[in-house]
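A short write-up of the structure that comes next.
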Amino acid sequence: MMRPFLLYLLLLLAYPLAAQTPDTRTLLPVPTQTTWGASRFTIKPDLSWQVFTPAQTPAAHAADSAVAEAVEQLVLPVLLPGRSGLAASRRQTSPLPTASLVLQYGRPADLLKLGEDESYTLRVTPMGVALNAPTHLGILRGLATLRQLATTEKKAVWLPEVDVLDAPRFPWRGLLMDPARHFMPVSVIKRNLNGMWATKFNVMHWHLSDDQGFRVESKLLPRLHTVGGEGQFYTQSQVRDIIRYAARRGIRVIPEFDMPGHATAWLAAYPRLASNDSIYGVARKWGVLNIAMDPTQETTYTLIDSLLSEMTRLFPDPYFHIGGDENDGRQWKRNPRIVAFMKQQGMVDAKGQLDKHALQTYYNRRVLQILTRYQKTMVGWDEILGPGLAPEAVIQSWRGKKGLYEAAKSGHPTLLSNGYYIDLFLTAASHYAPDPLPQDAPLTPEQQKLVLGGEATMWSEFADSIIVDSRIWPRAAAVAERLWSAATVRDVPDMYRRLGLVSQQLESLGLQHRRAPEQLLTQLAGGRQTAVAPLRTLAHVLEPVKEYKRHFQGFKYTTQTPLNRLVDAAPAESEEARQFGVAVDGLLAYGRTAAGSTDRFRGQPGKALVAYLSNELEYWQANDALLQPLLKQNPSLQEYAPHSVRLKTIATLGLERLKMLEKGQAPTPAWQANALKQLDAAKAPPAKPSWP
C-alpha cells in the first residue's frame, strides 16, 4: 500500500489547496508562532543538559525535580535512543550556559492554580537548544514541543532549526477518564497522563463514581468502596500517587463524584440515601437509570458532608466536580413525602406542576455550602445551572452551546464538552470543528473571559482498561489542538497528517492504542499469523456504530460483557477508509480541472491516483477469499462474514467505475442504481451477534 505521506504529496500535486497551509511540520498542537531555519542541530551521544532555576526553595526543588524527570524520562529517550541510563550522568550544573540543551525558568508554578502561565520560547540552532519560560510549567510544555521536533534519520537524531513562541489559547484543557463504568488500573491512568503531557492537556477530570461503581477508598464511609466499588477501587495512597504523577507533568486532577443522579453505587452501599424504599445493588446495565438520592432528608447531607470532608483533603485542587447530570426527577415525583416537601417549598412551575429542577437547585445549593466550607469551587454539568448558584461555580456544558452561553451570561465560568465526546466513535475532524469560543458567540468581551476552555470526555461503557487507549488516542489530540492553538488553526487535512505522526510518538510513551487492538486481532485469529493479516484488513476499514447505537443492535450489554469482539479491535475512525476517501476526492477534483482533456485521468498525477485507488480496491477485493475460512471457524466472527462479502462487492464496483473513468464512460442508470443499493447495504451494522 502507498504510504500516507506519499498519498498526501500526490494530492498536493493533484489540485491546489484553497489557502496556503502554515509550515506546521510535526507539531501538534500548532504553536502560536514558529520561524523555521534551514539548518539543524544533530544530537550527539555526549549530549548534556542544564537547568537554571530560581532561588532554591522547597517549591523550586519540586519544580526542578519535575523538569528533570520530564527531560530524563520523556525527552532524552527520544533524543538518545538506546542510551537510557546515560542521561542523568550528563546533566550539567555549571552556573554558565555551557550545555547543548539549556532550560531556564523564572519561578516554580502553582500547579493547582487555574490560569498559571504556561508560555515558553524555544530556540534550536546548529549549536544547541535553549528553552525559556516564566514558570516551570512553560518548560514542561516546551519539552513536549521539543520531543515532537526530533527526527530520526538512519541512526542519527536531529532537530530542525526553529524559533518557537508559544502560549495556550485556553487555560482549562481537559480529558475525562471514566473508571466508574470499567475500572482503569493505575498503570492505565499514568500512561494516559503521559499522552496528555505530550499533547498539552492540563486537566484530568477523574469520573470516580456512577451507577456502576464507586472507585475511591473512603475511610469514613468504607461501604462506598467495598460495596459500591465491588473490590475495584483506588486506595488513597494510589490516588496521591496519581496526583503527584500528574503534577509532575503539569496536569491538575479534578475528581467527580456524580450526584444526585447516576448514584446507584452510593445507594447500594448506603440505602438511606435513596428516594424510595427500594434496596439497590450496583448497576449492571448501562443507560440513564433515573435513580436519585433523596434531597429532602438531612441525613443525605450529613453523609455527603462526611464524604466531602475526606475527599476534599485527598484531592488538593481547588475545583471539585459534583456531576448533577441526567436526573429526570421521576423518583422524587413518585414519593408522597418528597412531593409534600416540594409543595411546601413552593417548587412548582407557572402551570402549577412540580418543578424537579427547583428541587435539584435546592440540592445543589446545599452541596455548594458544604464545598464552600471546605474551600472548594464547585463544578457541575450544565443541568446544575439555576438561580441562587454562586457565580464562581463552573458550568460544564455537554448538551450544547446554549448551556455554555447561558452560563457565561449568568456570570459563571464555563467549559465546553459538547462536540468533544470521543467515546461516540466520531471522526477526529468532527471533534476538531467545535470551538468553545467561536467568532459568532453571542457574548460580551467580559462574558467571553468566562469561557475557560473545554474537555474531551471518554465515557467507558464500551471501553475497558485494555482497549481504552485506542478509544482516546490519537483523536483526543485533535481536541487538544483546538484548546491550545489559535482559533485560525483549521486545516483538517494537515491536522490528520500530523495526527498520524503524533500517534506513532505516543506509542513510545507507553500508550497501547495501536498495540492492544493488534493483540485482540491475534487472539481472534487464534494466534495464526496467516489469518491475522486478512482479519486486520477487514477490521481497519470497519468502524463501530456511532454514538450510543451499539446499545440497540439486538444485544444487551452489561458491565460483565467482555469487550473482545472484532468491533472492539476496529478503530473508532478508519484511517484506511479516510485516506481512500481523500484520494477519491482528489481524483474527482483533478478530473474537474482536466475537463475536456483527452488524457483526463491518464496524466500525472491523475494516473497515480487511479493506480493508488486500484491497488487498494484489488487488495480489498481479494481479502474475502482469504478471510472466509477463519470467519466460518470462529463463532464470534461469523457475524462479520456479510461485511467481508460487502467489502469485496463494493471493491469490485469501485474497480468497474475506475475503468469507466479511464475510458471516459458514464455509468448506466441500472449500474448506478445497483451500486447505490450495495453501498447502502454496506453501511448497515451486523445483525444480532451470534453469541453468547
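Quick note on naming: the chains in the C-alpha cells go A, B, ... in the order shown, residues restart at 1 in each chain, and ligands are numbered from 1 in order of appearance.
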
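Non-sequential neighbours of stretch 455-461 of chain A (distance at most 8 Å, separation of 5 or more positions within a chain, only C-alpha atoms) are A:Trp172, A:Arg173, A:Gly174, A:Leu175, A:Leu176, A:Met177, A:Asp178, A:Pro179, A:Ala180, A:Arg181, A:His182, A:Trp286, A:Leu415, A:Leu416, A:Ser417, A:Tyr420, A:Tyr421, A:Ile422, A:Asp423, A:Val468, A:Arg471, A:Ile472, A:Ala476, A:Val479, A:Thr559.
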
Env of A:His551: 10 Å cut, atoms = only C-alpha atoms, seq-sep filter 6 positions within chain, self excluded. Answer as a list in words. Trp286, Gly287, Glu461, Phe462, Val545, Tyr557 and Thr558 of chain A

Just asking: which residues within stretch 323-470 of chain A are helix (DSSP H, G or I) according to DSSP, as a ChimeraX atom specification? /A:330-333,336-344,356-373,382-384,401-409,422-424,428-432,445-448,468-470

Export, as a tab-separated table (two decimals), in the first residue's frame, the selected residues with C-alpha atoms.
chain	number	residue	atom	x	y	z
A	330	ARG	CA	-39.32	10.80	38.37
A	331	GLN	CA	-38.45	9.15	41.68
A	332	TRP	CA	-38.98	12.44	43.51
A	333	LYS	CA	-42.42	12.94	41.96
A	336	PRO	CA	-45.51	11.46	48.56
A	337	ARG	CA	-43.17	12.76	51.23
A	338	ILE	CA	-40.86	14.42	48.65
A	339	VAL	CA	-43.88	15.79	46.78
A	340	ALA	CA	-45.16	17.35	50.01
A	341	PHE	CA	-41.74	18.91	50.61
A	342	MET	CA	-41.72	20.40	47.10
A	343	LYS	CA	-45.18	21.90	47.52
A	344	GLN	CA	-44.30	23.29	50.94
A	356	LYS	CA	-37.88	18.95	39.70
A	357	HIS	CA	-35.25	21.44	38.59
A	358	ALA	CA	-36.13	23.67	41.55
A	359	LEU	CA	-35.57	20.74	43.90
A	360	GLN	CA	-32.24	19.93	42.27
A	361	THR	CA	-31.26	23.58	42.57
A	362	TYR	CA	-32.05	23.35	46.29
A	363	TYR	CA	-29.86	20.26	46.46
A	364	ASN	CA	-27.05	21.98	44.54
A	365	ARG	CA	-27.08	24.92	46.96
A	366	ARG	CA	-26.80	22.60	49.95
A	367	VAL	CA	-23.85	20.75	48.43
A	368	LEU	CA	-22.32	24.08	47.43
A	369	GLN	CA	-22.46	25.23	51.06
A	370	ILE	CA	-20.55	22.10	52.09
A	371	LEU	CA	-17.90	22.52	49.40
A	372	THR	CA	-17.51	26.21	50.23
A	373	ARG	CA	-16.88	25.31	53.85
A	382	ASP	CA	-24.97	22.16	32.71
A	383	GLU	CA	-28.08	20.80	34.49
A	384	ILE	CA	-26.91	22.41	37.74
A	401	LYS	CA	-23.50	25.69	23.12
A	402	LYS	CA	-26.77	27.05	24.52
A	403	GLY	CA	-25.90	25.91	28.04
A	404	LEU	CA	-22.41	27.36	27.74
A	405	TYR	CA	-23.72	30.75	26.62
A	406	GLU	CA	-26.43	30.81	29.31
A	407	ALA	CA	-23.85	30.06	31.98
A	408	ALA	CA	-21.49	32.81	30.80
A	409	LYS	CA	-24.35	35.31	30.55
A	422	ILE	CA	-14.61	10.93	21.96
A	423	ASP	CA	-16.44	7.81	23.19
A	424	LEU	CA	-19.01	8.25	20.39
A	428	ALA	CA	-11.23	13.48	14.59
A	429	ALA	CA	-12.48	16.15	12.16
A	430	SER	CA	-15.86	16.26	13.93
A	431	HIS	CA	-14.10	16.89	17.25
A	432	TYR	CA	-11.73	19.40	15.66
A	445	PRO	CA	-15.98	40.68	25.94
A	446	GLU	CA	-16.38	40.24	29.70
A	447	GLN	CA	-18.55	37.15	29.23
A	448	GLN	CA	-16.05	35.70	26.78
A	468	VAL	CA	-9.45	2.38	26.26
A	469	ASP	CA	-6.22	3.85	24.84
A	470	SER	CA	-7.43	3.12	21.30

Select from stretch 69-186 of chain A every residue with an atom at most 12 Å from any atom of stretch 497-521 of chain A, then for each give the shortest pair of atoms and their distance in Å to one decimal, using only C-alpha atoms, rows by chain and rising number, as CSV.
residue,atom,partner,partner_atom,distance
A:Ala70,CA,A:Leu509,CA,11.6
A:Gln73,CA,A:Leu509,CA,9.3
A:Leu74,CA,A:Leu509,CA,7.3
A:Val75,CA,A:Leu509,CA,9.9
A:Leu76,CA,A:Ser508,CA,11.9
A:Pro77,CA,A:Ser508,CA,9.1
A:Val78,CA,A:Ser508,CA,8.5
A:Pro81,CA,A:Ser508,CA,10.8
A:Ala144,CA,A:Gln505,CA,10.9
A:Thr145,CA,A:Val502,CA,11.2
A:Arg147,CA,A:Gln505,CA,8.8
A:Gln148,CA,A:Gln505,CA,7.6
A:Leu149,CA,A:Gln505,CA,10.7
A:Ala150,CA,A:Gln505,CA,10.1
A:Thr151,CA,A:Gln505,CA,11.0
A:Thr152,CA,A:Gln505,CA,11.8

From the list A:Arg334, A:Lys219, A:Lys113, A:Arg565, the nearest residue to A:Ile291 using only C-alpha atoms is A:Arg334

Judged by only C-alpha atoms, the minimum distance to A:Thr312 among A:Tyr612, A:Lys376, A:Leu267, A:Leu273 is found for A:Lys376

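Interatomic distance, atom CA of A:Asp23 against atom CA of A:Thr199: 18.4 Å.
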
So which residues touch stretch 303-310 of chain A within 12 Å, counting only C-alpha atoms, skipping near sequence neighbours fewer than 5 positions away, as a VMD selection string? chain A and resid 216 to 225 236 255 to 260 266 to 267 269 to 273 293 to 295 297 to 298 315 to 316 320 to 322 363 to 364 366 to 376 378

Given the selection you just returned, output its residues as a file containing N, CA and C atoms, formatted as a compact mmCIF listing (two decimals), in the first residue's frame.
# COMPACT_ATOMS: atom_id res chain seq x y z
N VAL A 216 -13.14 5.07 44.88
CA VAL A 216 -12.12 5.61 45.77
C VAL A 216 -12.34 5.09 47.18
N GLU A 217 -11.27 4.67 47.80
CA GLU A 217 -11.33 4.24 49.19
C GLU A 217 -11.78 5.39 50.09
N SER A 218 -12.78 5.12 50.93
CA SER A 218 -13.22 6.07 51.94
C SER A 218 -13.04 5.42 53.31
N LYS A 219 -12.23 6.05 54.12
CA LYS A 219 -12.01 5.53 55.47
C LYS A 219 -13.17 5.85 56.40
N LEU A 220 -13.91 6.92 56.10
CA LEU A 220 -15.06 7.29 56.93
C LEU A 220 -16.31 6.53 56.55
N LEU A 221 -16.47 6.22 55.25
CA LEU A 221 -17.66 5.52 54.76
C LEU A 221 -17.20 4.34 53.90
N PRO A 222 -16.62 3.32 54.52
CA PRO A 222 -15.96 2.25 53.76
C PRO A 222 -16.88 1.44 52.86
N ARG A 223 -18.19 1.42 53.17
CA ARG A 223 -19.09 0.65 52.30
C ARG A 223 -19.16 1.24 50.89
N LEU A 224 -18.82 2.53 50.76
CA LEU A 224 -18.83 3.13 49.42
C LEU A 224 -17.89 2.39 48.48
N HIS A 225 -16.68 2.06 48.95
CA HIS A 225 -15.75 1.38 48.05
C HIS A 225 -15.82 -0.14 48.16
N GLN A 236 -6.37 5.31 48.86
CA GLN A 236 -6.00 6.72 48.99
C GLN A 236 -4.52 6.92 48.68
N PRO A 255 -11.49 15.66 40.76
CA PRO A 255 -12.35 14.50 40.94
C PRO A 255 -13.81 14.83 40.65
N GLU A 256 -14.56 13.84 40.21
CA GLU A 256 -16.01 13.97 40.10
C GLU A 256 -16.67 12.82 40.85
N PHE A 257 -17.58 13.18 41.75
CA PHE A 257 -18.46 12.22 42.42
C PHE A 257 -19.88 12.60 42.01
N ASP A 258 -20.45 11.83 41.10
CA ASP A 258 -21.71 12.20 40.47
C ASP A 258 -22.87 12.05 41.45
N MET A 259 -23.70 13.09 41.55
CA MET A 259 -24.87 13.10 42.42
C MET A 259 -25.78 14.27 42.01
N PRO A 260 -27.08 14.22 42.27
CA PRO A 260 -27.82 13.18 42.98
C PRO A 260 -28.22 11.99 42.11
N TRP A 266 -23.71 4.49 45.20
CA TRP A 266 -23.84 5.09 46.53
C TRP A 266 -24.98 4.42 47.29
N LEU A 267 -26.13 4.28 46.62
CA LEU A 267 -27.34 3.76 47.27
C LEU A 267 -27.19 2.29 47.63
N ALA A 269 -24.52 1.00 48.71
CA ALA A 269 -23.72 1.00 49.94
C ALA A 269 -24.49 1.56 51.13
N TYR A 270 -25.25 2.62 50.89
CA TYR A 270 -25.97 3.30 51.97
C TYR A 270 -27.42 3.55 51.53
N PRO A 271 -28.30 2.57 51.75
CA PRO A 271 -29.69 2.66 51.27
C PRO A 271 -30.45 3.87 51.79
N ARG A 272 -30.02 4.45 52.91
CA ARG A 272 -30.75 5.59 53.45
C ARG A 272 -30.69 6.82 52.54
N LEU A 273 -29.82 6.78 51.54
CA LEU A 273 -29.74 7.89 50.59
C LEU A 273 -30.87 7.85 49.56
N MET A 293 -30.63 10.26 44.69
CA MET A 293 -30.63 10.47 46.13
C MET A 293 -31.85 11.28 46.55
N ASP A 294 -32.19 11.16 47.80
CA ASP A 294 -33.29 11.94 48.37
C ASP A 294 -32.74 13.29 48.84
N PRO A 295 -33.12 14.40 48.18
CA PRO A 295 -32.57 15.71 48.56
C PRO A 295 -33.33 16.38 49.69
N GLN A 297 -33.93 14.87 52.80
CA GLN A 297 -33.56 14.33 54.09
C GLN A 297 -32.24 14.93 54.57
N GLU A 298 -32.20 15.36 55.80
CA GLU A 298 -30.97 15.91 56.35
C GLU A 298 -29.87 14.86 56.42
N PHE A 315 -7.97 15.32 47.59
CA PHE A 315 -7.75 15.95 46.29
C PHE A 315 -7.45 17.44 46.51
N PRO A 316 -6.22 17.87 46.31
CA PRO A 316 -5.83 19.24 46.66
C PRO A 316 -6.30 20.33 45.71
N PHE A 320 -13.84 21.05 42.43
CA PHE A 320 -14.40 19.75 42.81
C PHE A 320 -15.70 19.57 42.05
N HIS A 321 -15.82 18.46 41.30
CA HIS A 321 -16.96 18.23 40.40
C HIS A 321 -18.02 17.38 41.08
N ILE A 322 -19.27 17.86 41.05
CA ILE A 322 -20.37 17.13 41.70
C ILE A 322 -21.31 16.44 40.71
N TYR A 363 -30.91 21.24 46.13
CA TYR A 363 -29.86 20.26 46.46
C TYR A 363 -28.47 20.83 46.14
N ASN A 364 -28.34 21.43 44.96
CA ASN A 364 -27.05 21.98 44.54
C ASN A 364 -26.55 23.03 45.53
N ARG A 366 -27.22 23.24 48.70
CA ARG A 366 -26.80 22.60 49.95
C ARG A 366 -25.40 22.00 49.80
N VAL A 367 -25.17 21.33 48.67
CA VAL A 367 -23.85 20.75 48.43
C VAL A 367 -22.82 21.86 48.26
N LEU A 368 -23.22 22.95 47.60
CA LEU A 368 -22.32 24.08 47.43
C LEU A 368 -21.88 24.65 48.78
N GLN A 369 -22.80 24.73 49.73
CA GLN A 369 -22.46 25.23 51.06
C GLN A 369 -21.39 24.34 51.71
N ILE A 370 -21.53 23.03 51.52
CA ILE A 370 -20.55 22.10 52.09
C ILE A 370 -19.19 22.31 51.45
N LEU A 371 -19.17 22.35 50.11
CA LEU A 371 -17.90 22.52 49.40
C LEU A 371 -17.24 23.86 49.75
N THR A 372 -18.05 24.89 49.87
CA THR A 372 -17.51 26.21 50.23
C THR A 372 -16.85 26.17 51.60
N ARG A 373 -17.46 25.43 52.52
CA ARG A 373 -16.88 25.31 53.85
C ARG A 373 -15.52 24.62 53.80
N TYR A 374 -15.35 23.74 52.82
CA TYR A 374 -14.06 23.05 52.66
C TYR A 374 -13.17 23.75 51.63
N GLN A 375 -13.54 24.99 51.30
CA GLN A 375 -12.73 25.86 50.44
C GLN A 375 -12.51 25.27 49.05
N LYS A 376 -13.58 24.72 48.49
CA LYS A 376 -13.54 24.20 47.13
C LYS A 376 -14.53 24.96 46.26
N MET A 378 -17.12 24.68 43.19
CA MET A 378 -17.94 23.62 42.62
C MET A 378 -17.93 23.65 41.10

Contact residues around stretch 130-142 of chain A with only C-alpha atoms at 6 Å, ignoring same-chain residues under 4 positions, as a count of residues only: 15

Hey, what's within 9 Å of A:Leu437 if we count only C-alpha atoms and toss same-chain stuff fewer than 6 positions away? As an mmCIF file with all heavy atoms, in the first residue's frame, please?
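Okay, this is what ended up in out-v2.cif:
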data_model
loop_
_atom_site.group_PDB
_atom_site.id
_atom_site.type_symbol
_atom_site.label_atom_id
_atom_site.label_comp_id
_atom_site.auth_asym_id
_atom_site.auth_seq_id
_atom_site.Cartn_x
_atom_site.Cartn_y
_atom_site.Cartn_z
ATOM 1 N N GLN A 448 -16.976 36.592 27.478
ATOM 2 C CA GLN A 448 -16.046 35.704 26.783
ATOM 3 C C GLN A 448 -14.903 35.258 27.689
ATOM 4 O O GLN A 448 -14.417 34.132 27.575
ATOM 5 C CB GLN A 448 -15.490 36.406 25.542
ATOM 6 C CG GLN A 448 -16.510 36.599 24.430
ATOM 7 C CD GLN A 448 -15.931 37.311 23.231
ATOM 8 O OE1 GLN A 448 -14.712 37.358 23.052
ATOM 9 N NE2 GLN A 448 -16.788 37.882 22.400
ATOM 10 N N VAL A 451 -15.284 31.907 29.518
ATOM 11 C CA VAL A 451 -15.142 30.621 28.809
ATOM 12 C C VAL A 451 -13.715 30.133 29.049
ATOM 13 O O VAL A 451 -12.758 30.622 28.450
ATOM 14 C CB VAL A 451 -15.440 30.774 27.307
ATOM 15 C CG1 VAL A 451 -15.292 29.430 26.609
ATOM 16 C CG2 VAL A 451 -16.851 31.326 27.102
ATOM 17 N N GLY A 453 -12.375 27.069 28.569
ATOM 18 C CA GLY A 453 -11.818 26.072 27.654
ATOM 19 C C GLY A 453 -12.781 24.922 27.487
ATOM 20 O O GLY A 453 -13.983 25.129 27.305
ATOM 21 N N ALA A 487 -7.490 30.110 17.139
ATOM 22 C CA ALA A 487 -8.763 29.747 16.512
ATOM 23 C C ALA A 487 -8.633 29.613 15.004
ATOM 24 O O ALA A 487 -9.426 28.914 14.360
ATOM 25 C CB ALA A 487 -9.827 30.786 16.858
#

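Shortest atom-to-atom contact with A:Trp671 among A:Arg657, A:Ala684, A:Gly82, A:Asp325: A:Arg657, counting only C-alpha atoms.
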